[in-house]
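First the structure, in the form of structure tokens, and then the observations on it.
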Number of protein chains: 2
Amino acid sequence: MKEYSVIGKTLPQVGSVAKATGSAQYINDIILPGMLYGKILRSHHAHAKIINIDTSKAEKLHGLRAIITSKDIPMVKYGMGFDEYAITPDKVRYVGDPVAAVAAIDEDTAEEALDLIEVTYEELPAVFDVEEAMKPGAPIIHDAAQNNIGYKLTHVIGDVEKGFTKSDYIREDQFETPMVQAAFLGTRGSVADFNPVTGKLTLYTEATMTFIPLPWLARVLGIPTNRVRVIRPYISGGFGCKSDIITDFSLCSSFLSMRLGKPVKIIHSREEEFITCRGREPLVYYLKTGVKKDGTLVAMQCRHINNAGAYLHRSPMYLRHNVGVFSILFRCPNVMFEGHTVYTNTIPSGALRGLSNNALGWGQQQHFDMIARDLGMDVVDFYLKNAHQNGDVTAAKCKFDSCGLAECIQEVAKGSKWKEKRGKLPPNRGIGLAASGHSCGSRTAGFDLSTAMVTVDREGSVRILSGRAESGMGSGTLLVMCVAEELGLVPEDITINEFVDTDTIPFESGNYGSRGTIQQGNAAVAAARDLKRQLFKVVAQKLGVTVDSLEAKNRQISVKGSPDKGMSFEEAVKTCWYEEEGALPLLGRGAYNPPTEDIDLETGEGNSSIAYGFGVQAAEVEVDTETGKVKVLNVVTANDCGKVINPLILDGSSEGGISMSIGMALLEQISYDEKGKVLQTSFSDYRLPTIWQQPEVKSIWVETIDPHGPYGAKGITEVVSLPTAPAIANAVYDAIGVRITKPPITPWKILEALKEKERAQDAI
Amino acid sequence: MKEYSVIGKTLPQVGSVAKATGSAQYINDIILPGMLYGKILRSHHAHAKIINIDTSKAEKLHGLRAIITSKDIPMVKYGMGFDEYAITPDKVRYVGDPVAAVAAIDEDTAEEALDLIEVTYEELPAVFDVEEAMKPGAPIIHDAAQNNIGYKLTHVIGDVEKGFTKSDYIREDQFETPMVQAAFLGTRGSVADFNPVTGKLTLYTEATMTFIPLPWLARVLGIPTNRVRVIRPYISGGFGCKSDIITDFSLCSSFLSMRLGKPVKIIHSREEEFITCRGREPLVYYLKTGVKKDGTLVAMQCRHINNAGAYLHRSPMYLRHNVGVFSILFRCPNVMFEGHTVYTNTIPSGALRGLSNNALGWGQQQHFDMIARDLGMDVVDFYLKNAHQNGDVTAAKCKFDSCGLAECIQEVAKGSKWKEKRGKLPPNRGIGLAASGHSCGSRTAGFDLSTAMVTVDREGSVRILSGRAESGMGSGTLLVMCVAEELGLVPEDITINEFVDTDTIPFESGNYGSRGTIQQGNAAVAAARDLKRQLFKVVAQKLGVTVDSLEAKNRQISVKGSPDKGMSFEEAVKTCWYEEEGALPLLGRGAYNPPTEDIDLETGEGNSSIAYGFGVQAAEVEVDTETGKVKVLNVVTANDCGKVINPLILDGSSEGGISMSIGMALLEQISYDEKGKVLQTSFSDYRLPTIWQQPEVKSIWVETIDPHGPYGAKGITEVVSLPTAPAIANAVYDAIGVRITKPPITPWKILEALKEKERAQDAI
């Protein structure tokens, strides 16, 4: 294996000291001279016509600077369904829909103004359940969407009906998952600063996808693209729920700033965040699987209903992604996936670490566990029998140029002492297994392009310019390591921009779908190599050797194998700067735009990711049958990361991902009262796992050296989190013999299920 | 002549609306959260030892945050003489020398703290006159500088002594010029923001030379270069006096911010500005010239003493520049220039529009007028006889690849009706002529490199990234026009960064020495062409034609002469963005680094500028012999600008330059009392010309199409200002027969000279 000087070494994250000591500037730290504070008036009804908005009382409020309603803004729709406005003009579709926005000298005044705005509504019947919403006669949420179906697709490979006929055993199950929110410590917000003279808007917002939606943002605001500048400060947690620059708060702050010619800041309160944040999409799905006696998969069928909520937003994308997810792990000749995205009067859905993969994995991984049990097989053997191998192309046409799934299964079985433990643990203790596969980036967002620039000043200081969104997964650190490796420097020699500014930083698709490692890493490597080429050319000339004979190592550029024949990196840089007449300043550019394909809109089929990561976990739990409480004792996880770039960041990602998925399994959900009001509006109602719930974690890294990744690496931020929740559910079954099909696995559900099980046993 | 669609057209300056309406952010508009206010305690003595600094009383002041003296900062010297510290440790050398700095919660508190700091001095004898300072026994200002001589050079071509022998007529004169200040409306200042966690300093300052001194700034501050970021906001007037980022106020604000971990702002009061601003260097010089009867120059000699003031700063550079200036206009076989830069206990000298060219031109242009008069020649004929022609290499080795000097003389003679007016005007009215030549950039600052980037987003919006310093001469507008011309767009399609940020904007030497037009213009043209190449490649492929057959015109890229065969610029851009797999995002890079030579440090000789601009002016004046007041009636000016890029900006530059030079001729000077205290500390004492002094100006532009400039253009910002003052002095002589050798030509000096003239006539 190739020897690296920086790659594979432990390096604390760039920016971590700034974050830990409070010097990092988040959106709430952005304070501009003359700044006003905005607030959004949100609907208290789940579904209602707006009859009248009376702002007269609010307008008289001392300290109020502006009120805007839909009448004051251009009526340009946005979102994948073109069904959404910054401020809704005609009717509200969920509790939280914006109906007006205000700007005032402080937050209290803005809040007070909201109370003084009188909105007259005509209530409409509402629908919250996707299956209810699809029924004839259900309330229609968007006129254009018959039966509230916003999008649908069908994917067929082989013939499932024939497959079921050939199967020795068929199992059907139904699962349901609620919305889970990112619950980042920093609530979302933005500061919009419109200069009425130049007509230019500067928008500060934490979005992890800064560049792609920019032209649409400009269109919605009614100003030219080159008059919009987005600045991204530090991100106080993202997880996919901060992906967009086009949000009601960024639009409202922009419109208010455009109206007033002053900076306007809108920051969500925690309650506002809970009722509007577009968390992971709730699903209802039906699984039917046919197998041979030996466990060989013959047919897999899924009927999949996505709850888009009040607006389509990016729901179709999540549905298409799950077509790939459905058949990502196992070989199967006959596959059918039928998907519907359905409107309901709930919070619009969004993306949260894994998109809807976690939600589908929750049931699918339990379903496979049940099948293996039904067949009397060890689930490890069942998984190994069906697991995709390197070189496979899946039913949905995902193409694997590296695949460590089988190795991960084996490593987890070994590491967790699976054979010794499964079915052999003391009473109320159990162990469960689950696996996952996930894309590393995707073309579905329109682009999958990363670029980077590497400059070096006259003193030899190297700077990276990158549009990546640094939301905790260590993208900046990765780029610094790649550039250091390529230039033969140490990470301390290199700095990277903290903020992203769309006016000066080169294009970057953003951080989502575990794309950072491959796309951004490759762009940084390419940029560093471009710079190195320029340096080598000058050094080769100076030394009278060929460019190919040179290498960059230990802060030296010298003839390979002859460290004495060369010069220091700094000297090389100075030679370029001071001796090369007419030369451009040293600047390396790099880009990576993988040769993947768009996903077919009607089937969800297509190899839209250049690589795929895999993760397998075994969770051991103990269930207190008196209280119903589940305690996760330990998790052993093995992930195919392609190549370990930085063990510290990988382990951190793994531990964080497991914690997050424990939240999904045991604690977290957004639920609604009968009027569609969110029941969880604070951290007392919406409970997050803390360090006290964190089990012992053993992270194993399987290096498959992907041919496309930088040094062979692949993105793992999502895959490390995916298997935890179903592994826990499977472990709970192993411990006490009950299945919870809808998370979270609360004590109440456990006790109910135990009672039910007892009743059933009594009945026998 | 080539036809252009944008070049040569009138276009209002980029940013002018922002400036006119007050939305442009200058240094004083930079307000950061938690910002403190700094003030500098400055010496009240011209020359004194510092015995003790007692800060105990000041430290007790409520609201004070820090006091620093030389003991609190690293002792790193800077400036060309390595003779200067941010805070002087041992002794003060002029009234204004920094001895301490404070930061407080507001300016008043900071001011109060200064009053409470008790400094004990031991006064030393001071010297203010350069010739006194050079005498043995004069007070020594810097131990290392014998006879206070900081730098000297001698330039010899031919043999002046032999030349004088061969001459028919020899004339000797002595002149002297005082310091003149830029007196910009916005006083200087900076905001330093040090982040103690990341160790990074962000310095906001208006400097027109942002990149070159950055490594030195870092060295003086004791932090690595890549931990220093300079941000340049809008510049409220520069004229050369805002060239540097290394100033006592930027260093003191930085050290205070480093001490406190908070942003610290220091903005000069008007008084502080007058006592510290490094205006145009005062000169004393002796001219001796030998000519033939027909006016042919045979020998020119100059003994030139520069008053560096208390520190050398960039004085040697100005002296070297004047070696070139001395022989720039006229052919002469025997030239000798002997220069000394001398320390005195006055404000350190700096650069102001034309460096010391104006100061030398003041006397030299009068000297030539006198010689022509002595020979009974029309000065126009004298100038035409000796004027350099295109292709000439001057005595100081300046090489002219374009030279419109003679044409400018003829145009001014024609335009001013010289033959009809000279010596023929009514009593007390006169007309005078003067000429000038000036470099367009220079390698003397270490680099003469400009770079630019041009990006285009998916919507076809073009952005220029440039490090130019927009201080009123229209550099940004020039770049927008060049890029529009090259890409076949209109200027409104293009935006350019307002602020400059050394972390993200590519290297740029800066704006000084009239270098912007050629160097920055060429860099922008090159960047636009680089972008165009990328676009053409894709369009050519798409159309099935060769790249060479394409042109960009009228927002179209099409086959030359066949506008129908092509596509819109926007379509071309979209094709690149969406259809080119794996392509880098569209980004054009350009640089221009002229193939010039360094000036010889011992002789001042060398072709350090790629081109030279020329200007000639005739001024008509009326002198009120009762009051002594001089009124400038009109100025006719002809300038060799190479090529007119934007007539509006050229005319504005010309009118502004003439106004500025009227200030030098009639109103402005810095003078000192016997203790070295500046007498002018407000605009009541330091009078600037206003619109009431502005004469009628006729600007003629001579297009010589320089082979190196963009579209043939050359920089003229300095040359348009240079001849006014001596032309006025020559006109005053023409009007009333008196010579004023030291500006400004005040009423008192006129009346004294008239009395003297009367006495002399009475004596005859």
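By order of appearance in the structure tokens: chains A, B, ..., then residues from 1 within every chain, and ligands from 1 in the order shown.
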
Per residue of chain B within 6 Å of chain A, note the shortest atom pair and the distance in Å to one decimal, counting only C-alpha atoms, and order the rows by chain and increasing residue number, as JSON lines.
{"residue": "B:Ala18", "atom": "CA", "partner": "A:Val197", "partner_atom": "CA", "distance": 5.8}
{"residue": "B:Val197", "atom": "CA", "partner": "A:Ala18", "partner_atom": "CA", "distance": 5.7}
{"residue": "B:Asn226", "atom": "CA", "partner": "A:Ser461", "partner_atom": "CA", "distance": 5.7}
{"residue": "B:Ser461", "atom": "CA", "partner": "A:Asn226", "partner_atom": "CA", "distance": 5.7}
{"residue": "B:Gly582", "atom": "CA", "partner": "A:Asn593", "partner_atom": "CA", "distance": 4.7}
{"residue": "B:Leu584", "atom": "CA", "partner": "A:Ala591", "partner_atom": "CA", "distance": 5.5}
{"residue": "B:Ala591", "atom": "CA", "partner": "A:Leu584", "partner_atom": "CA", "distance": 5.5}
{"residue": "B:Asn593", "atom": "CA", "partner": "A:Gly582", "partner_atom": "CA", "distance": 4.7}

Sel. of helix (DSSP H, G or I) residues, stretch 627-702 of chain B, as a ChimeraX atom specification: /B:647-667,691-693

Test item: residues at most 12 Å from A:Lys166, only C-alpha atoms, excluding those fewer than 6 positions along its chain, as a PyMOL selection string: chain A and resi 159-160+289-293+296-299+333-334

So which residues touch B:Leu124 within 12 Å, counting only C-alpha atoms, skipping near sequence neighbours fewer than 5 positions away, as number ranges by chain? B: 45-50, 91-94, 138-141, 345, 675

Keeping only C-alpha atoms, write the selected residues to a file as a compact mmCIF listing (two decimals), in the first residue's frame.
# COMPACT_ATOMS: atom_id res chain seq x y z
CA HIS B 45 8.65 67.62 20.72
CA ALA B 46 10.48 67.60 17.42
CA HIS B 47 13.51 65.85 18.86
CA ALA B 48 13.77 64.46 22.38
CA LYS B 49 14.85 61.47 24.39
CA ILE B 50 12.09 59.55 26.14
CA LYS B 91 13.54 59.06 21.24
CA VAL B 92 11.05 61.07 19.25
CA ARG B 93 12.12 62.57 15.94
CA TYR B 94 9.21 64.80 14.93
CA ALA B 138 24.15 69.44 13.03
CA PRO B 139 21.99 67.43 15.44
CA ILE B 140 22.11 63.75 14.50
CA ILE B 141 18.62 62.29 14.06
CA ASN B 345 12.91 66.68 12.44
CA LYS B 675 9.88 74.17 17.56

Of the listed residues B:Ala735, B:Ile231, B:Cys302, B:Ile245, that which approaches B:Val623 most closely, counting only C-alpha atoms: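 Of B:Ala735, B:Ile231, B:Cys302, B:Ile245, the one nearest B:Val623 is B:Ala735, counting only C-alpha atoms.
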
For B:Arg219: contacts at 10 Å, only C-alpha atoms, fewer than 6 positions along chain excluded, given as JSON, numbers by chain: {"B": [74, 76, 77, 78, 213, 225]}

Find the residues near A:Lys152: any atom within 9 Å, counting only C-alpha atoms, skip ones fewer than 6 places away on the same chain, and give them as an MDAnalysis selection string. chainID A and resid 316 319 338:342 602:603

Neighbours of A:His313 within 9 Å (only C-alpha atoms; same-chain residues fewer than 6 positions away dropped), as a VMD selection string? chain A and resid 78 to 84 348 to 350

Write a file of the selected residues as a PDB file, in the first residue's frame, keeping all heavy atoms.
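Saved file out-v7.pdb follows:
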ATOM      1  N   TYR A  78     -41.615  28.609  -5.955  1.00  0.00           N
ATOM      2  CA  TYR A  78     -40.363  27.864  -5.942  1.00  0.00           C
ATOM      3  C   TYR A  78     -40.585  26.482  -5.340  1.00  0.00           C
ATOM      4  O   TYR A  78     -41.695  26.125  -4.952  1.00  0.00           O
ATOM      5  CB  TYR A  78     -39.277  28.644  -5.196  1.00  0.00           C
ATOM      6  CG  TYR A  78     -39.575  28.936  -3.745  1.00  0.00           C
ATOM      7  CD1 TYR A  78     -39.196  28.047  -2.749  1.00  0.00           C
ATOM      8  CD2 TYR A  78     -40.233  30.106  -3.376  1.00  0.00           C
ATOM      9  CE1 TYR A  78     -39.471  28.315  -1.415  1.00  0.00           C
ATOM     10  CE2 TYR A  78     -40.508  30.380  -2.046  1.00  0.00           C
ATOM     11  CZ  TYR A  78     -40.122  29.482  -1.067  1.00  0.00           C
ATOM     12  OH  TYR A  78     -40.385  29.739   0.253  1.00  0.00           O
ATOM     13  N   GLY A  79     -39.521  25.722  -5.263  1.00  0.00           N
ATOM     14  CA  GLY A  79     -39.623  24.334  -4.788  1.00  0.00           C
ATOM     15  C   GLY A  79     -39.811  23.404  -5.968  1.00  0.00           C
ATOM     16  O   GLY A  79     -40.176  23.828  -7.052  1.00  0.00           O
ATOM     17  N   MET A  80     -39.565  22.107  -5.744  1.00  0.00           N
ATOM     18  CA  MET A  80     -39.652  21.145  -6.846  1.00  0.00           C
ATOM     19  C   MET A  80     -41.053  21.057  -7.427  1.00  0.00           C
ATOM     20  O   MET A  80     -41.234  20.671  -8.571  1.00  0.00           O
ATOM     21  CB  MET A  80     -39.231  19.766  -6.366  1.00  0.00           C
ATOM     22  CG  MET A  80     -37.731  19.637  -6.330  1.00  0.00           C
ATOM     23  SD  MET A  80     -37.272  17.908  -6.277  1.00  0.00           S
ATOM     24  CE  MET A  80     -35.557  18.031  -6.730  1.00  0.00           C
ATOM     25  N   GLY A  81     -42.053  21.428  -6.621  1.00  0.00           N
ATOM     26  CA  GLY A  81     -43.425  21.398  -7.114  1.00  0.00           C
ATOM     27  C   GLY A  81     -43.897  22.754  -7.608  1.00  0.00           C
ATOM     28  O   GLY A  81     -45.034  22.896  -8.017  1.00  0.00           O
ATOM     29  N   PHE A  82     -43.012  23.755  -7.551  1.00  0.00           N
ATOM     30  CA  PHE A  82     -43.415  25.137  -7.867  1.00  0.00           C
ATOM     31  C   PHE A  82     -44.745  25.446  -7.194  1.00  0.00           C
ATOM     32  O   PHE A  82     -45.698  25.882  -7.808  1.00  0.00           O
ATOM     33  CB  PHE A  82     -43.516  25.347  -9.384  1.00  0.00           C
ATOM     34  CG  PHE A  82     -42.198  25.174 -10.066  1.00  0.00           C
ATOM     35  CD1 PHE A  82     -41.917  24.022 -10.783  1.00  0.00           C
ATOM     36  CD2 PHE A  82     -41.221  26.154  -9.948  1.00  0.00           C
ATOM     37  CE1 PHE A  82     -40.678  23.858 -11.385  1.00  0.00           C
ATOM     38  CE2 PHE A  82     -39.971  25.991 -10.553  1.00  0.00           C
ATOM     39  CZ  PHE A  82     -39.704  24.834 -11.265  1.00  0.00           C
ATOM     40  N   ASP A  83     -44.803  25.155  -5.892  1.00  0.00           N
ATOM     41  CA  ASP A  83     -46.070  25.246  -5.173  1.00  0.00           C
ATOM     42  C   ASP A  83     -45.964  26.147  -3.949  1.00  0.00           C
ATOM     43  O   ASP A  83     -46.887  26.214  -3.139  1.00  0.00           O
ATOM     44  CB  ASP A  83     -46.527  23.833  -4.746  1.00  0.00           C
ATOM     45  CG  ASP A  83     -45.465  23.110  -3.925  1.00  0.00           C
ATOM     46  OD1 ASP A  83     -44.463  23.742  -3.537  1.00  0.00           O
ATOM     47  OD2 ASP A  83     -45.620  21.896  -3.692  1.00  0.00           O
ATOM     48  N   GLU A  84     -44.820  26.845  -3.822  1.00  0.00           N
ATOM     49  CA  GLU A  84     -44.561  27.528  -2.561  1.00  0.00           C
ATOM     50  C   GLU A  84     -44.181  28.988  -2.807  1.00  0.00           C
ATOM     51  O   GLU A  84     -43.479  29.296  -3.769  1.00  0.00           O
ATOM     52  CB  GLU A  84     -43.388  26.802  -1.864  1.00  0.00           C
ATOM     53  CG  GLU A  84     -43.244  27.113  -0.421  1.00  0.00           C
ATOM     54  CD  GLU A  84     -42.252  26.166   0.284  1.00  0.00           C
ATOM     55  OE1 GLU A  84     -41.753  25.214  -0.356  1.00  0.00           O
ATOM     56  OE2 GLU A  84     -41.987  26.402   1.451  1.00  0.00           O
ATOM     57  N   PRO A 348     -43.672  20.738   5.850  1.00  0.00           N
ATOM     58  CA  PRO A 348     -43.033  20.171   4.652  1.00  0.00           C
ATOM     59  C   PRO A 348     -41.811  19.360   5.061  1.00  0.00           C
ATOM     60  O   PRO A 348     -41.130  19.678   6.034  1.00  0.00           O
ATOM     61  CB  PRO A 348     -42.626  21.417   3.850  1.00  0.00           C
ATOM     62  CG  PRO A 348     -43.515  22.508   4.344  1.00  0.00           C
ATOM     63  CD  PRO A 348     -43.771  22.207   5.786  1.00  0.00           C
ATOM     64  N   SER A 349     -41.572  18.308   4.307  1.00  0.00           N
ATOM     65  CA  SER A 349     -40.472  17.409   4.671  1.00  0.00           C
ATOM     66  C   SER A 349     -39.151  17.857   4.058  1.00  0.00           C
ATOM     67  O   SER A 349     -39.111  18.580   3.070  1.00  0.00           O
ATOM     68  CB  SER A 349     -40.791  16.003   4.193  1.00  0.00           C
ATOM     69  OG  SER A 349     -41.903  15.521   4.916  1.00  0.00           O
ATOM     70  N   GLY A 350     -38.087  17.376   4.684  1.00  0.00           N
ATOM     71  CA  GLY A 350     -36.760  17.731   4.219  1.00  0.00           C
ATOM     72  C   GLY A 350     -35.810  16.559   4.318  1.00  0.00           C
ATOM     73  O   GLY A 350     -36.240  15.400   4.371  1.00  0.00           O
TER      74      GLY A 350
END

Quick one: distance from atom CA of A:Glu271 to atom CA of A:Val95 in Å, one decimal?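 About the pair atom CA of A:Glu271 and atom CA of A:Val95: they are 12.1 Å apart.
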
Identify which of the residues B:Ala86, B:Ile305, B:Ala528, B:Ala619 lies closest to B:Ile658, counting only C-alpha atoms when measuring atom-to-atom distances.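 Checking each candidate against B:Ile658, we get B:Ala619 as the closest.
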
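Remark: for A:Glu703, the closest of the candidate residues A:Ser653, A:Gln181, A:Gly8, A:Arg759 is A:Gly8 (distances computed over only C-alpha atoms).
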
Hey, can you check how far atom CA of A:Ser190 sits from atom CA of B:Arg232? 24.9 Å
